[in-house]
Amino acid sequence: MTREETLNELKKVIAPYTVNKEMLAGINDQTDLIRDLKINSANLVDIIIDAEAKYDIEIDYDSADKMTNVGSCLDVITEKINQK
Amino acid sequence: MISTGNDIVALKAINVARTKQQNFYSKIITDSEKALYDEQFSDGLPFEQFIWLAWSVKESVFKYLQRIDPELVFSPSKIKVIELAVPSAKSLSHFEGRDFNEQTVYKGIVDFSPHTFYSRTIISDDFIFSVVSHTNNFERVLWGIKKIDSTDADDQSKAVRVFALAMLNTLFPGTQLEIDKNSHSCPIILKNEVETPVPISLAHHDQYVAYSFQISP
């Protein structure tokens, strides 16, 4: 899966938790999940769980802690897919 | 440096079934916290409320320290609730005040090595609200919880500022106070456009907004 394909799937994972659909369509590596997409921190675990299901991966504590912006989410997901 | 941290969780916005799933709650609490719940609280406190209590305390600790260390990463698994005392009474008579009625709050001790924090949590039918402090004395902590009409993030942000400023203006009458964010996105109180040393923490979730701040002796 290319980084762009992973990004497109990640948009679907994030979509239920943001009302900022315009910004979601144009997200990039620097887009912050809380500050830019206005995702409530209480939903960050939902996103991690949904990403685990979507990509059939397991995201450990330390990796989950890094998932604060789109770029770090893609890095963690790519790393876990490659470890399968 | 003295700081403050608070968080609020709107109970109608949480997914109870999902919260109880092991793959979900294990991202929030550690094995030792699960054991604490099983040994002491499984009879009286619904598990999902324990999970979100733990979350709100951990988020509060993160907010407290992020003001001091802007590069800090939020790591729920490294912030551990090591003691928790249940309230002897459950009635909540007011949603704003200074200090807490010790009979109506959950009192916690939280380890985030090398730091130790103390927490106060109110659980109502509608929300879970936590504040943390570096001491077990909350006499200098002011806090407030309010239900608003909108769940829009921008509306929540505006509403919580108006709410907190109303309390600040009663404490410091005649001064021109504003709430802004610093370069690290931490809320700050400005007096005549200059940052004050009064730390403030803001929170919102669904229809609830909340604040805490710590005043000097």
# chains A, B, ... in the order shown; residues from 1 in each chain; ligands from 1
$ residues_around --residues "Cys186 (chain B)" --least-positions-apart "4" --cutoff "8 Å" --atoms "only C-alpha atoms" --output "tab-separated table (two decimals) with N, CA and C atoms, in the first residue's frame"
chain	number	residue	atom	x	y	z
B	66	GLN	N	2.04	20.05	30.46
B	66	GLN	CA	2.34	20.57	29.13
B	66	GLN	C	2.62	22.07	29.18
B	67	ARG	N	1.99	22.75	30.14
B	67	ARG	CA	2.26	24.19	30.30
B	67	ARG	C	3.73	24.42	30.65
B	181	LYS	N	-4.22	32.06	23.89
B	181	LYS	CA	-3.35	30.88	23.90
B	181	LYS	C	-1.92	31.34	23.69
B	182	ASN	N	-0.97	30.64	24.33
B	182	ASN	CA	0.43	30.96	24.06
B	182	ASN	C	0.89	30.23	22.81
B	201	SER	N	-6.79	26.15	32.87
B	201	SER	CA	-6.99	24.98	32.01
B	201	SER	C	-8.44	24.98	31.55
$ closest_atom_pairs --of "chain A" --to "chain B" --cutoff "7 Å" --atoms "only C-alpha atoms" --output "JSON lines"
{"residue": "A:Lys38", "atom": "CA", "partner": "B:Ala153", "partner_atom": "CA", "distance": 6.4}
{"residue": "A:Asn40", "atom": "CA", "partner": "B:His205", "partner_atom": "CA", "distance": 6.9}
{"residue": "A:Val45", "atom": "CA", "partner": "B:Lys27", "partner_atom": "CA", "distance": 6.9}
{"residue": "A:Ile49", "atom": "CA", "partner": "B:Phe24", "partner_atom": "CA", "distance": 6.7}
{"residue": "A:Tyr61", "atom": "CA", "partner": "B:Lys27", "partner_atom": "CA", "distance": 6.7}
{"residue": "A:Asp65", "atom": "CA", "partner": "B:Ser75", "partner_atom": "CA", "distance": 5.5}
$ write_last_selection --atoms "N, CA and C atoms" --output "PDB file, in the first residue's frame"
ATOM      1  N   LYS A  38      -9.966  19.574  14.961  1.00  0.00           N
ATOM      2  CA  LYS A  38     -10.904  19.798  16.079  1.00  0.00           C
ATOM      3  C   LYS A  38     -11.489  18.485  16.601  1.00  0.00           C
ATOM      4  N   ASN A  40     -11.990  15.811  19.329  1.00  0.00           N
ATOM      5  CA  ASN A  40     -11.882  15.821  20.782  1.00  0.00           C
ATOM      6  C   ASN A  40     -10.913  14.733  21.215  1.00  0.00           C
ATOM      7  N   VAL A  45      -8.550   7.557  21.104  1.00  0.00           N
ATOM      8  CA  VAL A  45      -8.467   6.093  21.240  1.00  0.00           C
ATOM      9  C   VAL A  45      -9.370   5.420  20.201  1.00  0.00           C
ATOM     10  N   ILE A  49      -8.160   2.520  17.615  1.00  0.00           N
ATOM     11  CA  ILE A  49      -8.852   1.226  17.516  1.00  0.00           C
ATOM     12  C   ILE A  49      -9.377   0.995  16.092  1.00  0.00           C
ATOM     13  N   TYR A  61       1.339   0.854  22.982  1.00  0.00           N
ATOM     14  CA  TYR A  61       1.283   2.117  23.732  1.00  0.00           C
ATOM     15  C   TYR A  61       2.177   3.197  23.131  1.00  0.00           C
ATOM     16  N   ASP A  65       1.053   6.768  21.315  1.00  0.00           N
ATOM     17  CA  ASP A  65       1.380   8.086  21.858  1.00  0.00           C
ATOM     18  C   ASP A  65       1.865   9.054  20.778  1.00  0.00           C
TER      19      ASP A  65
END
$ residues_around --residues "Thr121 (chain B)" --least-positions-apart "6" --cutoff "10 Å" --atoms "only C-alpha atoms" --output "JSON, numbers by chain"
{"B": [6, 7, 8, 53, 54, 56, 57, 84, 86, 87, 100, 104, 105, 106, 107, 108, 128, 129, 130, 131, 132]}
$ write_last_selection --atoms "C-alpha atoms" --output "short mmCIF file (atom, residue, chain, number, x, y, z; two decimals), in the first residue's frame"
data_model
loop_
_atom_site.label_atom_id
_atom_site.label_comp_id
_atom_site.auth_asym_id
_atom_site.auth_seq_id
_atom_site.Cartn_x
_atom_site.Cartn_y
_atom_site.Cartn_z
CA ASN B 6 -8.73 19.72 34.15
CA ASP B 7 -10.81 17.59 31.80
CA ILE B 8 -14.46 16.80 31.25
CA LEU B 53 -12.43 8.86 35.24
CA ALA B 54 -8.92 7.53 34.64
CA SER B 56 -9.93 12.57 32.59
CA VAL B 57 -7.34 12.41 35.38
CA LEU B 84 -8.68 6.30 44.59
CA VAL B 86 -14.82 7.05 46.70
CA PRO B 87 -17.16 9.83 47.85
CA PHE B 100 -14.29 20.77 46.59
CA THR B 104 -18.89 14.36 46.97
CA VAL B 105 -15.68 13.78 45.01
CA TYR B 106 -13.41 10.91 44.10
CA LYS B 107 -9.97 11.67 45.53
CA GLY B 108 -7.01 10.17 43.71
CA ILE B 128 -17.11 13.12 34.61
CA PHE B 129 -15.01 16.14 35.58
CA SER B 130 -11.48 16.01 36.99
CA VAL B 131 -8.94 18.52 38.25
CA VAL B 132 -5.37 17.74 39.32
#
$ residues_around --residues "Val81 (chain B)" --least-positions-apart "4" --cutoff "9 Å" --atoms "only C-alpha atoms" --output "list in words"
Ile29, Ser32, Glu33, Leu36, Ala54, Val57, Lys58, Gly108, Ile109, Val110, Asp111 and Phe112 of chain B
$ select_by_dssp --residues "region 38-82 of chain A" --states "alpha helix (DSSP H)" --output "JSON, numbers by chain"
{"A": [44, 45, 46, 47, 48, 49, 50, 51, 52, 53, 54, 55, 61, 62, 63, 64, 65, 66, 70, 71, 72, 73, 74, 75, 76, 77, 78, 79, 80, 81, 82]}
$ write_last_selection --atoms "C-alpha atoms" --output "mmCIF file, in the first residue's frame"
data_model
loop_
_atom_site.group_PDB
_atom_site.id
_atom_site.type_symbol
_atom_site.label_atom_id
_atom_site.label_comp_id
_atom_site.auth_asym_id
_atom_site.auth_seq_id
_atom_site.Cartn_x
_atom_site.Cartn_y
_atom_site.Cartn_z
ATOM 1 C CA LEU A 44 -8.192 9.632 19.895
ATOM 2 C CA VAL A 45 -8.467 6.093 21.240
ATOM 3 C CA ASP A 46 -11.399 5.485 18.860
ATOM 4 C CA ILE A 47 -9.190 6.468 15.939
ATOM 5 C CA ILE A 48 -6.416 4.120 17.080
ATOM 6 C CA ILE A 49 -8.852 1.226 17.516
ATOM 7 C CA ASP A 50 -10.484 1.915 14.143
ATOM 8 C CA ALA A 51 -7.052 2.100 12.481
ATOM 9 C CA GLU A 52 -6.130 -1.261 14.009
ATOM 10 C CA ALA A 53 -9.262 -2.793 12.513
ATOM 11 C CA LYS A 54 -8.954 -1.047 9.151
ATOM 12 C CA TYR A 55 -5.325 -2.121 8.538
ATOM 13 C CA TYR A 61 1.283 2.117 23.732
ATOM 14 C CA ASP A 62 4.427 3.869 22.570
ATOM 15 C CA SER A 63 3.314 3.975 18.939
ATOM 16 C CA ALA A 64 -0.167 5.216 19.890
ATOM 17 C CA ASP A 65 1.380 8.086 21.858
ATOM 18 C CA LYS A 66 3.040 9.339 18.672
ATOM 19 C CA VAL A 70 -1.453 12.884 10.113
ATOM 20 C CA GLY A 71 2.210 12.296 9.289
ATOM 21 C CA SER A 72 2.904 10.423 12.519
ATOM 22 C CA CYS A 73 -0.287 8.373 12.042
ATOM 23 C CA LEU A 74 0.864 7.352 8.568
ATOM 24 C CA ASP A 75 4.361 6.525 9.863
ATOM 25 C CA VAL A 76 3.006 4.278 12.625
ATOM 26 C CA ILE A 77 0.464 2.554 10.359
ATOM 27 C CA THR A 78 3.082 1.951 7.628
ATOM 28 C CA GLU A 79 5.536 0.567 10.188
ATOM 29 C CA LYS A 80 2.945 -1.820 11.615
ATOM 30 C CA ILE A 81 1.801 -2.983 8.157
ATOM 31 C CA ASN A 82 5.411 -3.692 7.218
#
$ closest_residue --among "B:Ala17, B:Ile189, B:Asn137, B:His184" --to "Glu71 (chain B)" --atoms "only C-alpha atoms"
B:His184
$ closest_residue --among "B:Thr116, B:Ser88, B:Ile215, B:His134" --to "Gly44 (chain B)" --atoms "only C-alpha atoms"
B:Ser88
$ atom_distance --atom1 "CA of Leu33 (chain A)" --atom2 "CA of Ser113 (chain B)"
27.0 Å
$ residues_around --residues "Asn20 (chain A)" --least-positions-apart "3" --cutoff "12 Å" --atoms "only C-alpha atoms" --output "PyMOL selection string"
(chain A and resi 11+14-17+23-27+33-39) or (chain B and resi 152-154)
$ write_last_selection --atoms "C-alpha atoms" --output "short mmCIF file (atom, residue, chain, number, x, y, z; two decimals), in the first residue's frame"
data_model
loop_
_atom_site.label_atom_id
_atom_site.label_comp_id
_atom_site.auth_asym_id
_atom_site.auth_seq_id
_atom_site.Cartn_x
_atom_site.Cartn_y
_atom_site.Cartn_z
CA LYS A 11 -9.28 9.89 5.98
CA ILE A 14 -10.86 9.97 10.91
CA ALA A 15 -14.06 11.16 9.17
CA PRO A 16 -16.58 10.12 11.89
CA TYR A 17 -14.69 12.13 14.50
CA MET A 23 -9.90 20.44 6.12
CA LEU A 24 -10.09 16.63 6.18
CA ALA A 25 -10.17 16.57 2.39
CA GLY A 26 -6.92 18.53 2.24
CA ILE A 27 -4.98 17.04 5.15
CA LEU A 33 -5.70 15.89 14.83
CA ILE A 34 -6.81 18.05 17.77
CA ARG A 35 -5.76 21.57 16.81
CA ASP A 36 -6.59 21.48 13.08
CA LEU A 37 -9.30 18.85 12.72
CA LYS A 38 -10.90 19.80 16.08
CA ILE A 39 -11.11 16.15 17.09
CA ASP B 152 -19.41 22.79 17.73
CA ALA B 153 -15.74 23.07 18.75
CA ASP B 154 -15.54 26.81 18.03
#
$ residues_around --residues "Pro46 (chain B)" --least-positions-apart "3" --cutoff "10 Å" --atoms "only C-alpha atoms" --output "PyMOL selection string"
chain B and resi 16+20+37+41-43+49-51
$ select_by_dssp --residues "region 3-217 of chain B" --states "strand (DSSP E or B)" --output "PyMOL selection string"
chain B and resi 5-10+80-85+96-98+106-112+115-123+127-133+141-147+177-181+187-191+194-195+200-205+208-214
$ residues_around --residues "Asn192 (chain B)" --least-positions-apart "4" --cutoff "10 Å" --atoms "only C-alpha atoms" --output "number ranges by chain"
B: 175-178, 196
$ decode --residues "region 25-117 of chain B" --atoms "C-alpha atoms" --output "CSV table (one decimal), in the first residue's frame"
chain,number,residue,atom,x,y,z
B,25,TYR,CA,-9.7,0.3,27.7
B,26,SER,CA,-6.2,-1.2,27.5
B,27,LYS,CA,-5.1,1.8,25.6
B,28,ILE,CA,-6.2,4.0,28.6
B,29,ILE,CA,-5.5,2.1,31.8
B,30,THR,CA,-2.6,-0.2,32.8
B,31,ASP,CA,-2.9,-3.7,34.3
B,32,SER,CA,-2.3,-2.2,37.8
B,33,GLU,CA,-5.2,0.2,37.3
B,34,LYS,CA,-7.4,-2.7,36.1
B,35,ALA,CA,-6.5,-4.6,39.2
B,36,LEU,CA,-7.3,-1.5,41.4
B,37,TYR,CA,-10.7,-1.4,39.8
B,38,ASP,CA,-11.3,-5.2,40.2
B,39,GLU,CA,-10.2,-5.2,43.9
B,40,GLN,CA,-11.9,-2.0,45.1
B,41,PHE,CA,-14.5,-0.6,42.8
B,42,SER,CA,-16.2,-3.3,40.7
B,43,ASP,CA,-19.2,-3.4,43.1
B,44,GLY,CA,-20.2,0.3,43.0
B,45,LEU,CA,-18.6,2.1,40.1
B,46,PRO,CA,-19.5,1.1,36.5
B,47,PHE,CA,-16.4,0.0,34.6
B,48,GLU,CA,-16.9,2.5,31.8
B,49,GLN,CA,-17.1,5.3,34.4
B,50,PHE,CA,-13.8,4.1,35.9
B,51,ILE,CA,-12.2,4.2,32.5
B,52,TRP,CA,-13.3,7.7,31.7
B,53,LEU,CA,-12.4,8.9,35.2
B,54,ALA,CA,-8.9,7.5,34.6
B,55,TRP,CA,-8.8,9.2,31.2
B,56,SER,CA,-9.9,12.6,32.6
B,57,VAL,CA,-7.3,12.4,35.4
B,58,LYS,CA,-4.6,11.5,33.0
B,59,GLU,CA,-5.6,14.2,30.5
B,60,SER,CA,-5.6,16.7,33.4
B,61,VAL,CA,-2.1,15.7,34.4
B,62,PHE,CA,-0.9,16.1,30.8
B,63,LYS,CA,-2.4,19.5,30.6
B,64,TYR,CA,-0.8,20.5,33.9
B,65,LEU,CA,2.6,19.5,32.8
B,66,GLN,CA,2.3,20.6,29.1
B,67,ARG,CA,2.3,24.2,30.3
B,68,ILE,CA,5.7,23.6,31.9
B,69,ASP,CA,7.1,21.2,29.2
B,70,PRO,CA,5.5,22.1,25.8
B,71,GLU,CA,7.2,19.1,24.1
B,72,LEU,CA,5.6,16.6,26.5
B,73,VAL,CA,3.8,13.7,24.7
B,74,PHE,CA,0.5,12.5,26.2
B,75,SER,CA,1.1,8.9,27.3
B,76,PRO,CA,-1.9,7.5,29.1
B,77,SER,CA,-0.1,4.3,30.0
B,78,LYS,CA,2.6,6.2,31.8
B,79,ILE,CA,0.3,8.2,34.0
B,80,LYS,CA,-1.1,5.8,36.7
B,81,VAL,CA,-3.9,6.2,39.2
B,82,ILE,CA,-2.4,4.5,42.2
B,83,GLU,CA,-5.0,5.3,44.8
B,84,LEU,CA,-8.7,6.3,44.6
B,85,ALA,CA,-11.1,7.1,47.4
B,86,VAL,CA,-14.8,7.1,46.7
B,87,PRO,CA,-17.2,9.8,47.9
B,88,SER,CA,-19.4,9.2,50.8
B,89,ALA,CA,-22.2,11.3,49.3
B,90,LYS,CA,-23.2,11.5,45.7
B,91,SER,CA,-25.2,14.8,45.6
B,92,LEU,CA,-23.8,17.6,43.6
B,93,SER,CA,-25.3,20.9,44.6
B,94,HIS,CA,-23.3,23.3,42.5
B,95,PHE,CA,-21.3,23.3,39.3
B,96,GLU,CA,-18.8,26.0,40.1
B,97,GLY,CA,-16.7,26.9,43.1
B,98,ARG,CA,-13.4,27.1,45.0
B,99,ASP,CA,-12.0,23.8,46.5
B,100,PHE,CA,-14.3,20.8,46.6
B,101,ASN,CA,-16.8,19.3,49.0
B,102,GLU,CA,-14.7,16.3,50.0
B,103,GLN,CA,-17.8,14.2,50.6
B,104,THR,CA,-18.9,14.4,47.0
B,105,VAL,CA,-15.7,13.8,45.0
B,106,TYR,CA,-13.4,10.9,44.1
B,107,LYS,CA,-10.0,11.7,45.5
B,108,GLY,CA,-7.0,10.2,43.7
B,109,ILE,CA,-3.3,9.9,43.9
B,110,VAL,CA,-1.6,9.8,40.5
B,111,ASP,CA,2.0,8.7,39.6
B,112,PHE,CA,3.8,10.1,36.6
B,113,SER,CA,7.3,9.4,37.6
B,114,PRO,CA,9.1,11.4,39.0
B,115,HIS,CA,5.9,13.5,39.7
B,116,THR,CA,3.0,12.7,42.0
B,117,PHE,CA,-0.3,14.5,41.5
